Number of protein chains: 2
Amino acid sequence: MAALEPVSRQSLSESVFLQLQDKIVRGELAPDSALPSERALSEALAVNRGAVREAIKRLQQAGLVAVRHGGNHTIRNYEDEAGLELLPSLLVDATGRLDVDVLRSIMAMRSALAPEIAAAAAEKGGATLAAKLEALLEKMRRSERDLPQLQSLVFDFWKMLVVGSGNIAFRLAFNSMTKTYVQAWDAMRAPLEPELRDIRNLRAIAAAVRARDAKSARTAARRHIEIGRAAMDKALRGYK
Amino acid sequence: MAALEPVSRQSLSESVFLQLQDKIVRGELAPDSALPSERALSEALAVNRGAVREAIKRLQQAGLVAVRHGGNHTIRNYEDEAGLELLPSLLVDATGRLDVDVLRSIMAMRSALAPEIAAAAAEKGGATLAAKLEALLEKMRRSERDLPQLQSLVFDFWKMLVVGSGNIAFRLAFNSMTKTYVQAWDAMRAPLEPELRDIRNLRAIAAAVRARDAKSARTAARRHIEIGRAAMDKALRGYK
DNA sequence: CTCCCTCAACTGGTATGATAAGTTGACCAG
DNA sequence: CTGGTCAACTTATCATACCAGTTGAGGGAG
């Protein structure tokens, strides 16, 4: 039997939040325009005002609306105000389609961060971290035929590097990126296959971590990531 | 008379959110432990339950607590779950003191992103963007004696590059970083002065944008940022 | 006529109490 | 040990007040 998953339950405020967020991100609610009053929203959405307020608090935190006591809430320009945590909802629209521009943006960000993450991990790392990485590499060797498994292991490899880097900014950014990846986890597998099969450079990173050689770690990571980026570029060619 | 600022008014749910967030980030509320019930919290904090719920919704979105209907909410490990938007509250504690480890992390992240931002802007850019950058450079030349003004202009320069890069991931990450910077805006001015006065490399970036020369833009940005990083490292030495 | 004040009619913010729905653990029957 | 029932928690939702800030229309003073 296939793995069972918890049934997804969505709270009312969650639904309201997602619906409003979507309308804002799609531009259906224009920046600087006023949001309907809370009372009007609660009536239009057929929920109580508390649910609307909870949703709006989340929109406020996400930087999508500005709140002002006494006046209507206003839509903010998310490109200027939102943080990296908005990326997942930009990558896929309501129908589940991927936005290729956003995907390209993510690949560029990956290329920027990965080498420095590897370098930082190499500086901080040492034998303990290297051993864990090597254990993962061994598992990868045995999963050559199982691409999904390989994908998962490569992800674990990077997570380990990120944690090992001891850099909280990298780690938080990685978390944000992770939430974005899961949206496209399956879709990215095939285009990224060349990178997933490039164990050689991952080995080089692990070796560099063991040797505390930041420079080698950086170049190996750059080479590794560049494989995926080129492959993805090729797959995306012709999409605008 | 000094510039007046709007008095800051904080809603109840805002206060509750900040207080709980602080306790979680400081480890006072341990990961995987249960949050007091909403009713208990509203009584302990002497606010109505709606305010507590609004705060908890925000904590949930920030990845700091897991919400479960019927059971107590539980604290999550923010290092594994939170996104980049948490960085500001990690940088300064409740008393306003900066965390130097976090500051170092931010400097590393800056070093990773800036060169790629400049490169992407150079690829996309062209004369229009270059003209705007050059206008900023001219203003900088006239603000040599006014360090705060210079700091603000250099920031604008980078913002322009980020927007010009056309990369939404870079832009959102920049927004998150910005919210972090403002917390330490004044404190960072002196340590970063050597970087702020390094107009030469900024000129090189602008020229590279005009020439659509991504490679030159990248190296100039790297050189520029590295000046600040080295200066900050020096200023932070001995703080560990 | 213009200016300024007042106030009513919006807006969001807070408070309270009731009810529905989900979780947990104790207990008991088979 | 298994499965069922139930009581005592919890969060989720709802309805209805009332407080507080903002805005603009209207009326009176100059």
# chains A, B, ... in the order shown; residues from 1 in each chain; ligands from 1
call {"tool": "interface_residues", "arguments": {"of": "chain C", "to": "chain B", "cutoff": "9 Å", "atoms": "only C-alpha atoms (C1' of nucleotides)", "output": "PyMOL selection string"}}
result
chain C and resi 13-16+21-24
call {"tool": "write_last_selection", "arguments": {"atoms": "N, CA and C atoms (P, O5', C5', C4', C3', O3' and C1' of nucleotides)", "output": "PDB file, in the first residue's frame"}}
result
ATOM      1  P    DG C  13      -6.788  47.064  13.387  1.00  0.00           P
ATOM      2  O5'  DG C  13      -7.468  47.415  14.788  1.00  0.00           O
ATOM      3  C5'  DG C  13      -6.828  48.346  15.651  1.00  0.00           C
ATOM      4  C4'  DG C  13      -7.319  48.185  17.083  1.00  0.00           C
ATOM      5  C3'  DG C  13      -7.007  46.811  17.683  1.00  0.00           C
ATOM      6  O3'  DG C  13      -6.463  46.997  18.994  1.00  0.00           O
ATOM      7  C1'  DG C  13      -9.321  47.276  17.879  1.00  0.00           C
ATOM      8  P    DT C  14      -6.081  45.725  19.852  1.00  0.00           P
ATOM      9  O5'  DT C  14      -7.380  45.535  20.742  1.00  0.00           O
ATOM     10  C5'  DT C  14      -7.722  46.551  21.673  1.00  0.00           C
ATOM     11  C4'  DT C  14      -8.942  46.136  22.450  1.00  0.00           C
ATOM     12  C3'  DT C  14      -8.804  44.809  23.209  1.00  0.00           C
ATOM     13  O3'  DT C  14      -8.971  45.061  24.590  1.00  0.00           O
ATOM     14  C1'  DT C  14     -10.875  44.938  22.048  1.00  0.00           C
ATOM     15  P    DA C  15      -8.777  43.891  25.626  1.00  0.00           P
ATOM     16  O5'  DA C  15     -10.267  43.402  25.829  1.00  0.00           O
ATOM     17  C5'  DA C  15     -11.259  44.330  26.208  1.00  0.00           C
ATOM     18  C4'  DA C  15     -12.603  43.635  26.305  1.00  0.00           C
ATOM     19  C3'  DA C  15     -12.552  42.253  26.967  1.00  0.00           C
ATOM     20  O3'  DA C  15     -13.299  42.296  28.175  1.00  0.00           O
ATOM     21  C1'  DA C  15     -13.878  42.241  24.976  1.00  0.00           C
ATOM     22  P    DT C  16     -13.231  41.058  29.188  1.00  0.00           P
ATOM     23  O5'  DT C  16     -14.501  40.198  28.803  1.00  0.00           O
ATOM     24  C5'  DT C  16     -15.747  40.868  28.588  1.00  0.00           C
ATOM     25  C4'  DT C  16     -16.757  39.904  28.007  1.00  0.00           C
ATOM     26  C3'  DT C  16     -16.693  38.482  28.569  1.00  0.00           C
ATOM     27  O3'  DT C  16     -17.881  38.248  29.314  1.00  0.00           O
ATOM     28  C1'  DT C  16     -17.026  38.493  26.209  1.00  0.00           C
ATOM     29  P    DA C  21     -19.835  20.601  14.538  1.00  0.00           P
ATOM     30  O5'  DA C  21     -18.300  20.394  14.886  1.00  0.00           O
ATOM     31  C5'  DA C  21     -17.342  21.291  14.342  1.00  0.00           C
ATOM     32  C4'  DA C  21     -15.962  20.872  14.783  1.00  0.00           C
ATOM     33  C3'  DA C  21     -15.694  19.366  14.707  1.00  0.00           C
ATOM     34  O3'  DA C  21     -14.411  19.161  14.161  1.00  0.00           O
ATOM     35  C1'  DA C  21     -15.188  20.148  16.851  1.00  0.00           C
ATOM     36  P    DG C  22     -13.978  17.741  13.552  1.00  0.00           P
ATOM     37  O5'  DG C  22     -12.619  17.409  14.312  1.00  0.00           O
ATOM     38  C5'  DG C  22     -11.558  18.337  14.242  1.00  0.00           C
ATOM     39  C4'  DG C  22     -10.666  18.172  15.437  1.00  0.00           C
ATOM     40  C3'  DG C  22     -10.132  16.749  15.649  1.00  0.00           C
ATOM     41  O3'  DG C  22      -8.721  16.796  15.619  1.00  0.00           O
ATOM     42  C1'  DG C  22     -10.962  17.666  17.690  1.00  0.00           C
ATOM     43  P    DT C  23      -7.858  15.447  15.845  1.00  0.00           P
ATOM     44  O5'  DT C  23      -7.568  15.476  17.406  1.00  0.00           O
ATOM     45  C5'  DT C  23      -6.814  16.552  17.931  1.00  0.00           C
ATOM     46  C4'  DT C  23      -6.424  16.264  19.365  1.00  0.00           C
ATOM     47  C3'  DT C  23      -5.783  14.899  19.597  1.00  0.00           C
ATOM     48  O3'  DT C  23      -4.578  15.110  20.294  1.00  0.00           O
ATOM     49  C1'  DT C  23      -7.592  15.244  21.108  1.00  0.00           C
ATOM     50  P    DT C  24      -3.559  13.886  20.489  1.00  0.00           P
ATOM     51  O5'  DT C  24      -3.877  13.432  21.969  1.00  0.00           O
ATOM     52  C5'  DT C  24      -3.870  14.411  23.008  1.00  0.00           C
ATOM     53  C4'  DT C  24      -4.472  13.827  24.266  1.00  0.00           C
ATOM     54  C3'  DT C  24      -3.973  12.433  24.631  1.00  0.00           C
ATOM     55  O3'  DT C  24      -3.158  12.535  25.777  1.00  0.00           O
ATOM     56  C1'  DT C  24      -6.327  12.674  24.956  1.00  0.00           C
TER      57       DT C  24
END
call {"tool": "closest_atom_pairs", "arguments": {"of": "chain D", "to": "chain A", "cutoff": "10 Å", "atoms": "only C-alpha atoms (C1' of nucleotides)", "output": "CSV"}}
result
residue,atom,partner,partner_atom,distance
D:DA12,C1',A:Ser11,CA,7.8
D:DT13,C1',A:Asn48,CA,7.6
D:DC14,C1',A:Asn48,CA,6.3
D:DA15,C1',A:Asn48,CA,8.3
D:DA20,C1',A:Gly70,CA,7.9
D:DG21,C1',A:Gly70,CA,4.5
D:DT22,C1',A:Gly70,CA,5.0
D:DT23,C1',A:Gly71,CA,8.3
call {"tool": "write_last_selection", "arguments": {"atoms": "C-alpha atoms (C1' of nucleotides)", "output": "PDB file, in the first residue's frame"}}
result
ATOM      1  C1'  DA D  12     -12.170  26.531  16.052  1.00  0.00           C
ATOM      2  C1'  DT D  13     -15.950  29.230  15.080  1.00  0.00           C
ATOM      3  C1'  DC D  14     -19.532  32.391  15.836  1.00  0.00           C
ATOM      4  C1'  DA D  15     -22.389  36.548  17.308  1.00  0.00           C
ATOM      5  C1'  DA D  20     -10.957  54.095  19.437  1.00  0.00           C
ATOM      6  C1'  DG D  21      -9.122  56.379  15.354  1.00  0.00           C
ATOM      7  C1'  DT D  22     -10.162  58.598  10.574  1.00  0.00           C
ATOM      8  C1'  DT D  23     -12.650  60.963   7.308  1.00  0.00           C
TER       9       DT D  23
END
call {"tool": "closest_residue", "arguments": {"among": "A:Ala94, A:Leu29, A:Leu113, A:Ile75", "to": "chain B", "atoms": "only C-alpha atoms"}}
result
A:Leu113
call {"tool": "interface_residues", "arguments": {"of": "chain A", "to": "chain B", "cutoff": "7 Å", "atoms": "only C-alpha atoms", "output": "JSON, numbers by chain"}}
result
{"A": [54, 57, 58, 61, 79, 80, 81, 82, 83, 84, 85, 87, 102, 105, 106, 109, 112, 113, 116, 167, 168, 169, 170, 172, 173, 175, 176]}
call {"tool": "select_by_dssp", "arguments": {"residues": "stretch 44-141 of chain B", "states": "strand (DSSP E)", "output": "VMD selection string"}}
result
chain B and resid 65 to 66 74 to 75
call {"tool": "atom_distance", "arguments": {"atom1": "atom CA of B:Pro36", "atom2": "atom CA of B:His73"}}
result
7.7 Å
call {"tool": "residues_around", "arguments": {"residues": "C:DT2", "least_positions_apart": "2", "cutoff": "12 Å", "atoms": "only C-alpha atoms (C1' of nucleotides)", "output": "ChimeraX atom specification"}}
result
/C:4 /D:29-30
call {"tool": "residues_around", "arguments": {"residues": "A:Leu98", "least_positions_apart": "6", "cutoff": "8 Å", "atoms": "only C-alpha atoms (C1' of nucleotides)", "output": "VMD selection string"}}
result
chain A and resid 91 to 92 184
call {"tool": "select_by_dssp", "arguments": {"residues": "stretch 179-228 of chain A", "states": "helix (DSSP H, G or I)", "output": "MDAnalysis selection string"}}
result
chainID A and resid 179:189 193:196 199:210 214:228
call {"tool": "residues_around", "arguments": {"residues": "B:Glu144", "least_positions_apart": "6", "cutoff": "12 Å", "atoms": "only C-alpha atoms (C1' of nucleotides)", "output": "VMD selection string"}}
result
chain B and resid 137 to 138 150 to 151 153 to 154 193 196 to 199
call {"tool": "write_last_selection", "arguments": {"atoms": "C-alpha atoms", "output": "JSON list (two decimals), in the first residue's frame"}}
result
[["chain", "number", "residue", "atom", "x", "y", "z"],
["B", 137, "LEU", "CA", 27.17, 57.89, -8.10],
["B", 138, "GLU", "CA", 27.14, 61.59, -8.81],
["B", 150, "LEU", "CA", 26.45, 58.21, 1.77],
["B", 151, "GLN", "CA", 25.23, 55.10, 3.53],
["B", 153, "LEU", "CA", 22.89, 56.32, -1.24],
["B", 154, "VAL", "CA", 24.95, 53.15, -1.33],
["B", 193, "GLU", "CA", 32.89, 53.21, 6.37],
["B", 196, "LEU", "CA", 30.88, 53.14, 1.88],
["B", 197, "ARG", "CA", 33.78, 55.24, 0.64],
["B", 198, "ASP", "CA", 34.78, 52.71, -2.01],
["B", 199, "ILE", "CA", 33.02, 54.44, -4.86]]
call {"tool": "residues_around", "arguments": {"residues": "C:DA8", "least_positions_apart": "6", "cutoff": "12 Å", "atoms": "only C-alpha atoms (C1' of nucleotides)", "output": "count of residues only"}}
result
4
call {"tool": "closest_atom_pairs", "arguments": {"of": "chain C", "to": "stretch 2-7 of chain D", "cutoff": "12 Å", "atoms": "only C-alpha atoms (C1' of nucleotides)", "output": "tab-separated table"}}
result
residue	atom	partner	partner_atom	distance
C:DT24	C1'	D:DA7	C1'	10.5
C:DG25	C1'	D:DA7	C1'	9.7
C:DA26	C1'	D:DA7	C1'	8.9
C:DC27	C1'	D:DT5	C1'	8.7
C:DC28	C1'	D:DT5	C1'	8.4
C:DA29	C1'	D:DG4	C1'	8.5
C:DG30	C1'	D:DT2	C1'	8.6
call {"tool": "decode", "arguments": {"residues": "stretch 124-143 of chain B", "atoms": "N, CA and C atoms", "output": "mmCIF file, in the first residue's frame"}}
result
data_model
loop_
_atom_site.group_PDB
_atom_site.id
_atom_site.type_symbol
_atom_site.label_atom_id
_atom_site.label_comp_id
_atom_site.auth_asym_id
_atom_site.auth_seq_id
_atom_site.Cartn_x
_atom_site.Cartn_y
_atom_site.Cartn_z
ATOM 1 N N LYS B 124 20.838 41.885 -17.499
ATOM 2 C CA LYS B 124 19.520 42.404 -17.842
ATOM 3 C C LYS B 124 19.559 43.882 -18.163
ATOM 4 N N GLY B 125 20.529 44.540 -17.577
ATOM 5 C CA GLY B 125 20.517 45.989 -17.432
ATOM 6 C C GLY B 125 20.513 46.813 -18.693
ATOM 7 N N GLY B 126 21.631 47.408 -19.005
ATOM 8 C CA GLY B 126 21.682 48.285 -20.152
ATOM 9 C C GLY B 126 21.743 49.740 -19.764
ATOM 10 N N ALA B 127 21.513 50.584 -20.758
ATOM 11 C CA ALA B 127 21.758 52.022 -20.591
ATOM 12 C C ALA B 127 20.825 52.657 -19.570
ATOM 13 N N THR B 128 19.568 52.255 -19.584
ATOM 14 C CA THR B 128 18.608 52.889 -18.678
ATOM 15 C C THR B 128 19.021 52.713 -17.227
ATOM 16 N N LEU B 129 19.288 51.466 -16.874
ATOM 17 C CA LEU B 129 19.698 51.184 -15.506
ATOM 18 C C LEU B 129 21.024 51.875 -15.194
ATOM 19 N N ALA B 130 21.947 51.806 -16.153
ATOM 20 C CA ALA B 130 23.262 52.411 -15.934
ATOM 21 C C ALA B 130 23.121 53.903 -15.644
ATOM 22 N N ALA B 131 22.234 54.565 -16.363
ATOM 23 C CA ALA B 131 22.052 56.000 -16.156
ATOM 24 C C ALA B 131 21.592 56.286 -14.730
ATOM 25 N N LYS B 132 20.666 55.483 -14.249
ATOM 26 C CA LYS B 132 20.181 55.691 -12.879
ATOM 27 C C LYS B 132 21.303 55.468 -11.879
ATOM 28 N N LEU B 133 22.103 54.440 -12.124
ATOM 29 C CA LEU B 133 23.211 54.158 -11.211
ATOM 30 C C LEU B 133 24.209 55.308 -11.212
ATOM 31 N N GLU B 134 24.449 55.827 -12.409
ATOM 32 C CA GLU B 134 25.426 56.915 -12.504
ATOM 33 C C GLU B 134 24.915 58.177 -11.814
ATOM 34 N N ALA B 135 23.600 58.387 -11.876
ATOM 35 C CA ALA B 135 23.038 59.532 -11.161
ATOM 36 C C ALA B 135 23.294 59.386 -9.660
ATOM 37 N N LEU B 136 23.140 58.182 -9.166
ATOM 38 C CA LEU B 136 23.407 57.940 -7.741
ATOM 39 C C LEU B 136 24.878 58.162 -7.418
ATOM 40 N N LEU B 137 25.737 57.721 -8.326
ATOM 41 C CA LEU B 137 27.172 57.893 -8.105
ATOM 42 C C LEU B 137 27.532 59.371 -8.009
ATOM 43 N N GLU B 138 26.882 60.159 -8.838
ATOM 44 C CA GLU B 138 27.140 61.594 -8.814
ATOM 45 C C GLU B 138 26.734 62.202 -7.466
ATOM 46 N N LYS B 139 25.570 61.738 -6.969
ATOM 47 C CA LYS B 139 25.129 62.203 -5.650
ATOM 48 C C LYS B 139 26.123 61.794 -4.579
ATOM 49 N N MET B 140 26.648 60.590 -4.702
ATOM 50 C CA MET B 140 27.616 60.120 -3.706
ATOM 51 C C MET B 140 28.843 61.023 -3.705
ATOM 52 N N ARG B 141 29.271 61.388 -4.896
ATOM 53 C CA ARG B 141 30.453 62.232 -4.995
ATOM 54 C C ARG B 141 30.243 63.531 -4.205
ATOM 55 N N ARG B 142 29.021 64.039 -4.239
ATOM 56 C CA ARG B 142 28.739 65.287 -3.548
ATOM 57 C C ARG B 142 28.487 65.090 -2.054
ATOM 58 N N SER B 143 28.370 63.830 -1.625
ATOM 59 C CA SER B 143 28.056 63.567 -0.212
ATOM 60 C C SER B 143 29.240 63.002 0.544
#
